[in-house]
>>> print(open('query.cif').read())   # mmCIF, N, CA and C atoms
data_structure
loop_
_atom_site.group_PDB
_atom_site.id
_atom_site.type_symbol
_atom_site.label_atom_id
_atom_site.label_comp_id
_atom_site.auth_asym_id
_atom_site.auth_seq_id
_atom_site.Cartn_x
_atom_site.Cartn_y
_atom_site.Cartn_z
ATOM 1 N N MET A 24 37.828 11.371 57.654
ATOM 2 C CA MET A 24 38.607 12.411 57.007
ATOM 3 C C MET A 24 39.446 13.120 58.060
ATOM 4 N N GLU A 25 40.634 13.456 57.667
ATOM 5 C CA GLU A 25 41.538 14.137 58.583
ATOM 6 C C GLU A 25 41.829 15.563 58.158
ATOM 7 N N ASP A 26 41.416 15.951 56.970
ATOM 8 C CA ASP A 26 41.656 17.306 56.468
ATOM 9 C C ASP A 26 40.625 18.248 57.083
ATOM 10 N N HIS A 27 41.025 18.940 58.154
ATOM 11 C CA HIS A 27 40.102 19.795 58.901
ATOM 12 C C HIS A 27 39.590 20.962 58.071
ATOM 13 N N ASP A 28 40.403 21.466 57.164
ATOM 14 C CA ASP A 28 39.949 22.545 56.285
ATOM 15 C C ASP A 28 38.830 22.055 55.370
ATOM 16 N N LEU A 29 38.977 20.869 54.823
ATOM 17 C CA LEU A 29 37.946 20.287 53.959
ATOM 18 C C LEU A 29 36.660 20.023 54.752
ATOM 19 N N ILE A 30 36.811 19.517 55.960
ATOM 20 C CA ILE A 30 35.642 19.274 56.812
ATOM 21 C C ILE A 30 34.897 20.576 57.062
ATOM 22 N N GLN A 31 35.622 21.653 57.363
ATOM 23 C CA GLN A 31 34.979 22.943 57.611
ATOM 24 C C GLN A 31 34.278 23.458 56.352
ATOM 25 N N ARG A 32 34.892 23.268 55.199
ATOM 26 C CA ARG A 32 34.264 23.698 53.945
ATOM 27 C C ARG A 32 32.972 22.920 53.681
ATOM 28 N N LEU A 33 32.995 21.629 53.937
ATOM 29 C CA LEU A 33 31.782 20.818 53.764
ATOM 30 C C LEU A 33 30.680 21.268 54.723
ATOM 31 N N ARG A 34 31.050 21.566 55.960
ATOM 32 C CA ARG A 34 30.063 22.062 56.931
ATOM 33 C C ARG A 34 29.449 23.373 56.457
ATOM 34 N N THR A 35 30.282 24.277 55.960
ATOM 35 C CA THR A 35 29.791 25.564 55.454
ATOM 36 C C THR A 35 28.854 25.352 54.275
ATOM 37 N N LEU A 36 29.204 24.434 53.394
ATOM 38 C CA LEU A 36 28.363 24.135 52.239
ATOM 39 C C LEU A 36 27.015 23.572 52.672
ATOM 40 N N ILE A 37 27.017 22.681 53.638
ATOM 41 C CA ILE A 37 25.760 22.105 54.132
ATOM 42 C C ILE A 37 24.897 23.179 54.784
ATOM 43 N N ILE A 38 25.503 24.072 55.547
ATOM 44 C CA ILE A 38 24.753 25.170 56.164
ATOM 45 C C ILE A 38 24.114 26.032 55.076
ATOM 46 N N TYR A 39 24.867 26.307 54.012
ATOM 47 C CA TYR A 39 24.325 27.089 52.898
ATOM 48 C C TYR A 39 23.144 26.358 52.253
ATOM 49 N N TRP A 40 23.320 25.070 51.976
ATOM 50 C CA TRP A 40 22.241 24.297 51.356
ATOM 51 C C TRP A 40 21.009 24.255 52.250
ATOM 52 N N ARG A 41 21.224 24.121 53.561
ATOM 53 C CA ARG A 41 20.085 24.111 54.492
ATOM 54 C C ARG A 41 19.338 25.430 54.457
ATOM 55 N N SER A 42 20.068 26.521 54.334
ATOM 56 C CA SER A 42 19.413 27.835 54.294
ATOM 57 C C SER A 42 18.542 27.987 53.053
ATOM 58 N N ARG A 43 18.868 27.280 52.007
ATOM 59 C CA ARG A 43 18.088 27.314 50.767
ATOM 60 C C ARG A 43 16.994 26.253 50.757
ATOM 61 N N GLY A 44 17.043 25.341 51.718
ATOM 62 C CA GLY A 44 16.003 24.324 51.830
ATOM 63 C C GLY A 44 16.194 23.113 50.938
ATOM 64 N N ASP A 45 17.347 22.988 50.271
ATOM 65 C CA ASP A 45 17.547 21.855 49.364
ATOM 66 C C ASP A 45 18.826 21.081 49.696
ATOM 67 N N TRP A 46 19.160 21.000 50.976
ATOM 68 C CA TRP A 46 20.417 20.386 51.370
ATOM 69 C C TRP A 46 20.499 18.911 50.993
ATOM 70 N N PHE A 47 19.396 18.172 51.070
ATOM 71 C CA PHE A 47 19.454 16.745 50.769
ATOM 72 C C PHE A 47 19.777 16.500 49.298
ATOM 73 N N GLU A 48 19.060 17.156 48.393
ATOM 74 C CA GLU A 48 19.293 16.965 46.958
ATOM 75 C C GLU A 48 20.691 17.435 46.550
ATOM 76 N N GLU A 49 21.110 18.574 47.063
ATOM 77 C CA GLU A 49 22.445 19.087 46.726
ATOM 78 C C GLU A 49 23.535 18.166 47.264
ATOM 79 N N GLY A 50 23.351 17.712 48.505
ATOM 80 C CA GLY A 50 24.329 16.796 49.086
ATOM 81 C C GLY A 50 24.400 15.485 48.327
ATOM 82 N N LYS A 51 23.246 14.971 47.923
ATOM 83 C CA LYS A 51 23.207 13.726 47.151
ATOM 84 C C LYS A 51 23.953 13.902 45.830
ATOM 85 N N ARG A 52 23.710 15.025 45.156
ATOM 86 C CA ARG A 52 24.410 15.276 43.887
ATOM 87 C C ARG A 52 25.918 15.355 44.086
ATOM 88 N N LEU A 53 26.352 16.001 45.170
ATOM 89 C CA LEU A 53 27.790 16.095 45.459
ATOM 90 C C LEU A 53 28.389 14.704 45.631
ATOM 91 N N TRP A 54 27.758 13.863 46.444
ATOM 92 C CA TRP A 54 28.305 12.527 46.695
ATOM 93 C C TRP A 54 28.212 11.642 45.461
ATOM 94 N N GLN A 55 27.211 11.855 44.608
ATOM 95 C CA GLN A 55 27.150 11.104 43.347
ATOM 96 C C GLN A 55 28.320 11.493 42.450
ATOM 97 N N GLU A 56 28.662 12.777 42.410
ATOM 98 C CA GLU A 56 29.815 13.227 41.620
ATOM 99 C C GLU A 56 31.105 12.634 42.168
ATOM 100 N N VAL A 57 31.232 12.589 43.491
ATOM 101 C CA VAL A 57 32.421 12.003 44.117
ATOM 102 C C VAL A 57 32.515 10.520 43.760
ATOM 103 N N ALA A 58 31.411 9.787 43.899
ATOM 104 C CA ALA A 58 31.406 8.354 43.575
ATOM 105 C C ALA A 58 31.743 8.125 42.112
ATOM 106 N N TYR A 59 31.149 8.921 41.235
ATOM 107 C CA TYR A 59 31.398 8.774 39.794
ATOM 108 C C TYR A 59 32.887 8.984 39.500
ATOM 109 N N GLU A 60 33.459 10.041 40.054
ATOM 110 C CA GLU A 60 34.876 10.331 39.806
ATOM 111 C C GLU A 60 35.768 9.224 40.365
ATOM 112 N N LEU A 61 35.436 8.716 41.533
ATOM 113 C CA LEU A 61 36.209 7.600 42.094
ATOM 114 C C LEU A 61 36.126 6.377 41.190
ATOM 115 N N ASN A 62 34.956 6.090 40.657
ATOM 116 C CA ASN A 62 34.791 4.932 39.784
ATOM 117 C C ASN A 62 35.505 5.109 38.448
ATOM 118 N N VAL A 63 35.671 6.349 37.999
ATOM 119 C CA VAL A 63 36.394 6.622 36.758
ATOM 120 C C VAL A 63 37.901 6.498 36.974
ATOM 121 N N THR A 64 38.389 7.002 38.087
ATOM 122 C CA THR A 64 39.836 7.148 38.274
ATOM 123 C C THR A 64 40.497 6.052 39.097
ATOM 124 N N THR A 65 39.717 5.204 39.760
ATOM 125 C CA THR A 65 40.307 4.231 40.677
ATOM 126 C C THR A 65 40.169 2.812 40.138
ATOM 127 N N ASN A 66 41.280 2.114 40.112
ATOM 128 C CA ASN A 66 41.273 0.689 39.790
ATOM 129 C C ASN A 66 41.122 -0.049 41.116
ATOM 130 N N TRP A 67 39.895 -0.352 41.481
ATOM 131 C CA TRP A 67 39.617 -0.917 42.793
ATOM 132 C C TRP A 67 40.277 -2.275 43.002
ATOM 133 N N SER A 68 40.559 -3.000 41.931
ATOM 134 C CA SER A 68 41.181 -4.323 42.098
ATOM 135 C C SER A 68 42.597 -4.208 42.665
ATOM 136 N N GLU A 69 43.189 -3.020 42.606
ATOM 137 C CA GLU A 69 44.497 -2.813 43.228
ATOM 138 C C GLU A 69 44.388 -2.774 44.752
ATOM 139 N N TYR A 70 43.198 -2.540 45.272
ATOM 140 C CA TYR A 70 42.990 -2.424 46.710
ATOM 141 C C TYR A 70 42.430 -3.692 47.336
ATOM 142 N N SER A 71 41.716 -4.475 46.562
ATOM 143 C CA SER A 71 41.099 -5.679 47.098
ATOM 144 C C SER A 71 41.069 -6.752 46.019
ATOM 145 N N LYS A 72 41.426 -7.931 46.395
ATOM 146 C CA LYS A 72 41.395 -9.064 45.458
ATOM 147 C C LYS A 72 40.080 -9.837 45.566
ATOM 148 N N LEU A 73 39.116 -9.307 46.326
ATOM 149 C CA LEU A 73 37.846 -10.009 46.501
ATOM 150 C C LEU A 73 37.014 -10.064 45.234
ATOM 151 N N THR A 74 37.036 -8.989 44.442
ATOM 152 C CA THR A 74 36.211 -8.946 43.234
ATOM 153 C C THR A 74 36.802 -7.969 42.226
ATOM 154 N N ASP A 75 36.564 -8.231 40.957
ATOM 155 C CA ASP A 75 36.973 -7.306 39.898
ATOM 156 C C ASP A 75 35.856 -6.326 39.560
ATOM 157 N N TYR A 76 34.728 -6.422 40.251
ATOM 158 C CA TYR A 76 33.542 -5.656 39.886
ATOM 159 C C TYR A 76 33.137 -4.633 40.951
ATOM 160 N N PHE A 77 34.068 -4.223 41.782
ATOM 161 C CA PHE A 77 33.748 -3.291 42.861
ATOM 162 C C PHE A 77 33.525 -1.890 42.310
ATOM 163 N N VAL A 78 32.481 -1.229 42.790
ATOM 164 C CA VAL A 78 32.214 0.187 42.504
ATOM 165 C C VAL A 78 31.620 0.803 43.769
ATOM 166 N N VAL A 79 31.663 2.118 43.842
ATOM 167 C CA VAL A 79 30.963 2.814 44.915
ATOM 168 C C VAL A 79 29.799 3.564 44.292
ATOM 169 N N PHE A 80 28.712 3.705 45.053
ATOM 170 C CA PHE A 80 27.569 4.472 44.583
ATOM 171 C C PHE A 80 26.835 5.047 45.774
ATOM 172 N N VAL A 81 26.040 6.045 45.513
ATOM 173 C CA VAL A 81 25.263 6.706 46.557
ATOM 174 C C VAL A 81 23.902 6.031 46.637
ATOM 175 N N GLU A 82 23.527 5.635 47.837
ATOM 176 C CA GLU A 82 22.255 4.953 48.056
ATOM 177 C C GLU A 82 21.407 5.820 48.974
ATOM 178 N N TRP A 83 20.119 5.870 48.715
ATOM 179 C CA TRP A 83 19.186 6.584 49.586
ATOM 180 C C TRP A 83 17.864 5.838 49.573
ATOM 181 N N GLU A 84 17.022 6.152 50.527
ATOM 182 C CA GLU A 84 15.784 5.397 50.737
ATOM 183 C C GLU A 84 14.917 5.300 49.491
ATOM 184 N N ALA A 85 14.783 6.373 48.737
ATOM 185 C CA ALA A 85 13.893 6.378 47.563
ATOM 186 C C ALA A 85 14.635 6.050 46.267
ATOM 187 N N MET A 86 15.818 5.468 46.373
ATOM 188 C CA MET A 86 16.605 5.147 45.187
ATOM 189 C C MET A 86 15.822 4.208 44.270
ATOM 190 N N ASP A 87 15.835 4.512 42.981
ATOM 191 C CA ASP A 87 15.109 3.710 42.001
ATOM 192 C C ASP A 87 16.101 3.167 40.972
ATOM 193 N N VAL A 88 16.694 2.044 41.303
ATOM 194 C CA VAL A 88 17.712 1.428 40.437
ATOM 195 C C VAL A 88 17.138 1.121 39.063
ATOM 196 N N MET A 89 15.895 0.671 39.008
ATOM 197 C CA MET A 89 15.278 0.306 37.735
ATOM 198 C C MET A 89 14.958 1.528 36.872
ATOM 199 N N ASN A 90 15.066 2.711 37.443
ATOM 200 C CA ASN A 90 14.792 3.936 36.696
ATOM 201 C C ASN A 90 16.073 4.713 36.404
ATOM 202 N N GLY A 91 17.233 4.070 36.576
ATOM 203 C CA GLY A 91 18.492 4.677 36.166
ATOM 204 C C GLY A 91 19.266 5.434 37.222
ATOM 205 N N ASP A 92 18.914 5.295 38.497
ATOM 206 C CA ASP A 92 19.614 6.064 39.524
ATOM 207 C C ASP A 92 21.083 5.687 39.696
ATOM 208 N N LEU A 93 21.497 4.525 39.228
ATOM 209 C CA LEU A 93 22.911 4.151 39.328
ATOM 210 C C LEU A 93 23.784 4.965 38.369
ATOM 211 N N HIS A 94 23.202 5.475 37.295
ATOM 212 C CA HIS A 94 23.971 6.206 36.288
ATOM 213 C C HIS A 94 24.652 7.450 36.842
ATOM 214 N N ALA A 95 24.118 8.028 37.897
ATOM 215 C CA ALA A 95 24.713 9.240 38.466
ATOM 216 C C ALA A 95 26.011 8.947 39.209
ATOM 217 N N SER A 96 26.208 7.691 39.631
ATOM 218 C CA SER A 96 27.391 7.328 40.405
ATOM 219 C C SER A 96 28.354 6.397 39.684
ATOM 220 N N ILE A 97 27.874 5.685 38.666
ATOM 221 C CA ILE A 97 28.700 4.664 38.009
ATOM 222 C C ILE A 97 28.811 4.976 36.521
ATOM 223 N N PRO A 98 30.033 5.108 35.996
ATOM 224 C CA PRO A 98 30.218 5.358 34.565
ATOM 225 C C PRO A 98 29.602 4.242 33.716
ATOM 226 N N ALA A 99 29.174 4.592 32.524
ATOM 227 C CA ALA A 99 28.460 3.662 31.647
ATOM 228 C C ALA A 99 29.245 2.381 31.379
ATOM 229 N N ASN A 100 30.553 2.488 31.145
ATOM 230 C CA ASN A 100 31.339 1.287 30.838
ATOM 231 C C ASN A 100 31.398 0.326 32.026
ATOM 232 N N LYS A 101 31.492 0.854 33.237
ATOM 233 C CA LYS A 101 31.529 -0.019 34.418
ATOM 234 C C LYS A 101 30.137 -0.570 34.724
ATOM 235 N N LEU A 102 29.110 0.228 34.489
ATOM 236 C CA LEU A 102 27.748 -0.259 34.691
ATOM 237 C C LEU A 102 27.438 -1.381 33.703
ATOM 238 N N ALA A 103 27.898 -1.243 32.463
ATOM 239 C CA ALA A 103 27.688 -2.299 31.461
ATOM 240 C C ALA A 103 28.403 -3.582 31.873
ATOM 241 N N LEU A 104 29.588 -3.457 32.439
ATOM 242 C CA LEU A 104 30.312 -4.636 32.924
ATOM 243 C C LEU A 104 29.530 -5.317 34.045
ATOM 244 N N LEU A 105 29.013 -4.525 34.984
ATOM 245 C CA LEU A 105 28.200 -5.090 36.063
ATOM 246 C C LEU A 105 26.958 -5.782 35.501
ATOM 247 N N GLN A 106 26.326 -5.165 34.528
ATOM 248 C CA GLN A 106 25.133 -5.751 33.914
ATOM 249 C C GLN A 106 25.468 -7.051 33.190
ATOM 250 N N SER A 107 26.622 -7.099 32.529
ATOM 251 C CA SER A 107 26.998 -8.314 31.799
ATOM 252 C C SER A 107 27.240 -9.489 32.738
ATOM 253 N N GLU A 108 27.548 -9.193 33.999
ATOM 254 C CA GLU A 108 27.763 -10.238 35.003
ATOM 255 C C GLU A 108 26.526 -10.434 35.898
ATOM 256 N N ASP A 109 25.402 -9.827 35.504
ATOM 257 C CA ASP A 109 24.156 -9.897 36.281
ATOM 258 C C ASP A 109 24.311 -9.321 37.687
ATOM 259 N N LEU A 110 25.163 -8.320 37.833
ATOM 260 C CA LEU A 110 25.349 -7.662 39.122
ATOM 261 C C LEU A 110 24.583 -6.356 39.223
ATOM 262 N N ALA A 111 24.002 -5.913 38.106
ATOM 263 C CA ALA A 111 23.166 -4.717 38.070
ATOM 264 C C ALA A 111 22.073 -4.972 37.042
ATOM 265 N N PRO A 112 20.901 -4.383 37.256
ATOM 266 C CA PRO A 112 19.800 -4.614 36.313
ATOM 267 C C PRO A 112 20.037 -3.920 34.980
ATOM 268 N N ILE A 113 19.581 -4.534 33.925
ATOM 269 C CA ILE A 113 19.628 -3.923 32.598
ATOM 270 C C ILE A 113 18.307 -3.180 32.412
ATOM 271 N N ILE A 114 18.430 -1.871 32.179
ATOM 272 C CA ILE A 114 17.211 -1.055 32.032
ATOM 273 C C ILE A 114 17.144 -0.432 30.666
#
>>> encode(input="query.cif", output="structure tokens")
Amino acid sequence: MEDHDLIQRLRTLIIYWRSRGDWFEEGKRLWQEVAYELNVTTNWSEYSKLTDYFVVFVEWEAMDVMNGDLHASIPANKLALLQSEDLAPII
């Protein structure tokens, strides 16, 4: 990132979350919202011809894909497309 104002705002937000003791969960939710919005608004095939099924999602050590953790980052219509191609589990 090159937007120094945005970087400073993110740092301030993380400091605030740390002071409350829930920085990991809050940060994860923020990045899941970012990933979800990117997957809604971006036609990734315009950027890469490697696949028509590209999405971004937030991954963490305790991620439970079989329990629906992908839903926070991937819109239902794109997740269904991935599932129809056996690229994501059907739960």
>>> resolve_selection(input="query.cif", expression="the PyMOL selection byres ((chain A and resi 52-69) around 6)", output="ChimeraX atom specification")
/A:47-51,70-72,74-75,79-81,95-98
>>> residues_around(input="query.cif", residues="Leu36 in chain A", least_positions_apart="4", cutoff="10 Å", atoms="only C-alpha atoms", output="count of residues only")
9
>>> atom_distance(input="query.cif", atom1="CA of Arg34 in chain A", atom2="CA of Val78 in chain A")
26.3 Å
>>> residues_around(input="query.cif", residues="Leu110 in chain A", least_positions_apart="4", cutoff="12 Å", atoms="only C-alpha atoms", output="compact mmCIF listing (two decimals) with N, CA and C atoms, keeping the file's coordinate frame")
# COMPACT_ATOMS: atom_id res chain seq x y z
N THR A 74 37.04 -8.99 44.44
CA THR A 74 36.21 -8.95 43.23
C THR A 74 36.80 -7.97 42.23
N ASP A 75 36.56 -8.23 40.96
CA ASP A 75 36.97 -7.31 39.90
C ASP A 75 35.86 -6.33 39.56
N TYR A 76 34.73 -6.42 40.25
CA TYR A 76 33.54 -5.66 39.89
C TYR A 76 33.14 -4.63 40.95
N PHE A 77 34.07 -4.22 41.78
CA PHE A 77 33.75 -3.29 42.86
C PHE A 77 33.52 -1.89 42.31
N VAL A 78 32.48 -1.23 42.79
CA VAL A 78 32.21 0.19 42.50
C VAL A 78 31.62 0.80 43.77
N VAL A 88 16.69 2.04 41.30
CA VAL A 88 17.71 1.43 40.44
C VAL A 88 17.14 1.12 39.06
N LYS A 101 31.49 0.85 33.24
CA LYS A 101 31.53 -0.02 34.42
C LYS A 101 30.14 -0.57 34.72
N LEU A 102 29.11 0.23 34.49
CA LEU A 102 27.75 -0.26 34.69
C LEU A 102 27.44 -1.38 33.70
N ALA A 103 27.90 -1.24 32.46
CA ALA A 103 27.69 -2.30 31.46
C ALA A 103 28.40 -3.58 31.87
N LEU A 104 29.59 -3.46 32.44
CA LEU A 104 30.31 -4.64 32.92
C LEU A 104 29.53 -5.32 34.04
N LEU A 105 29.01 -4.53 34.98
CA LEU A 105 28.20 -5.09 36.06
C LEU A 105 26.96 -5.78 35.50
N GLN A 106 26.33 -5.16 34.53
CA GLN A 106 25.13 -5.75 33.91
C GLN A 106 25.47 -7.05 33.19
>>> atom_distance(input="query.cif", atom1="atom N of Tyr39 in chain A", atom2="atom N of Ala85 in chain A")
23.0 Å
>>> atom_distance(input="query.cif", atom1="CA of Ile114 in chain A", atom2="CA of Asp45 in chain A")
28.7 Å
>>> select_by_dssp(input="query.cif", residues="chain A", states="helix (DSSP H, G or I)", output="ChimeraX atom specification")
/A:27-43,46-64,67-69,88-90,92-95,99-107
>>> axis_aligned_box(input="query.cif", around="range 81-89 of chain A", padding_each_side="5 Å", output="JSON")
{"center_x": 20.0, "center_y": 3.5, "center_z": 43.8, "size_x": 22.1, "size_y": 16.4, "size_z": 23.9}
>>> decode(input="query.cif", residues="range 74-90 of chain A", atoms="N, CA, C and O atoms", output="compact mmCIF listing (two decimals), in the first residue's frame")
# COMPACT_ATOMS: atom_id res chain seq x y z
N THR A 74 -7.70 -18.52 -14.70
CA THR A 74 -8.90 -19.22 -14.24
C THR A 74 -10.08 -18.27 -14.20
O THR A 74 -9.92 -17.07 -14.01
N ASP A 75 -11.27 -18.81 -14.38
CA ASP A 75 -12.50 -18.03 -14.25
C ASP A 75 -13.05 -18.11 -12.83
O ASP A 75 -14.09 -17.55 -12.54
N TYR A 76 -12.37 -18.83 -11.95
CA TYR A 76 -12.91 -19.12 -10.63
C TYR A 76 -12.09 -18.49 -9.49
O TYR A 76 -12.14 -18.94 -8.37
N PHE A 77 -11.36 -17.44 -9.79
CA PHE A 77 -10.51 -16.82 -8.78
C PHE A 77 -11.35 -16.03 -7.79
O PHE A 77 -12.27 -15.31 -8.16
N VAL A 78 -11.03 -16.17 -6.51
CA VAL A 78 -11.62 -15.37 -5.43
C VAL A 78 -10.52 -15.12 -4.39
O VAL A 78 -9.51 -15.81 -4.38
N VAL A 79 -10.73 -14.13 -3.56
CA VAL A 79 -9.84 -13.93 -2.42
C VAL A 79 -10.63 -14.26 -1.16
O VAL A 79 -11.85 -14.09 -1.12
N PHE A 80 -9.93 -14.76 -0.15
CA PHE A 80 -10.57 -15.04 1.13
C PHE A 80 -9.54 -14.94 2.23
O PHE A 80 -8.33 -14.96 1.98
N VAL A 81 -10.01 -14.78 3.43
CA VAL A 81 -9.15 -14.66 4.60
C VAL A 81 -8.94 -16.05 5.18
O VAL A 81 -9.89 -16.78 5.43
N GLU A 82 -7.69 -16.41 5.39
CA GLU A 82 -7.34 -17.72 5.92
C GLU A 82 -6.64 -17.52 7.26
O GLU A 82 -5.89 -16.57 7.44
N TRP A 83 -6.92 -18.39 8.21
CA TRP A 83 -6.24 -18.36 9.50
C TRP A 83 -6.11 -19.79 9.99
O TRP A 83 -6.75 -20.70 9.48
N GLU A 84 -5.25 -19.98 10.97
CA GLU A 84 -4.90 -21.33 11.43
C GLU A 84 -6.11 -22.17 11.82
O GLU A 84 -6.19 -23.34 11.50
N ALA A 85 -7.08 -21.59 12.50
CA ALA A 85 -8.23 -22.36 12.99
C ALA A 85 -9.42 -22.30 12.03
O ALA A 85 -10.54 -22.63 12.40
N MET A 86 -9.18 -21.91 10.78
CA MET A 86 -10.26 -21.80 9.81
C MET A 86 -10.96 -23.14 9.64
O MET A 86 -10.32 -24.18 9.52
N ASP A 87 -12.28 -23.11 9.63
CA ASP A 87 -13.08 -24.33 9.50
C ASP A 87 -13.95 -24.21 8.25
O ASP A 87 -15.10 -23.78 8.31
N VAL A 88 -13.38 -24.58 7.13
CA VAL A 88 -14.08 -24.48 5.84
C VAL A 88 -15.37 -25.30 5.85
O VAL A 88 -16.39 -24.88 5.33
N MET A 89 -15.34 -26.46 6.47
CA MET A 89 -16.51 -27.34 6.50
C MET A 89 -17.62 -26.79 7.40
O MET A 89 -18.74 -27.29 7.38
N ASN A 90 -17.32 -25.77 8.18
CA ASN A 90 -18.31 -25.18 9.07
C ASN A 90 -18.75 -23.80 8.58
O ASN A 90 -19.34 -23.04 9.34
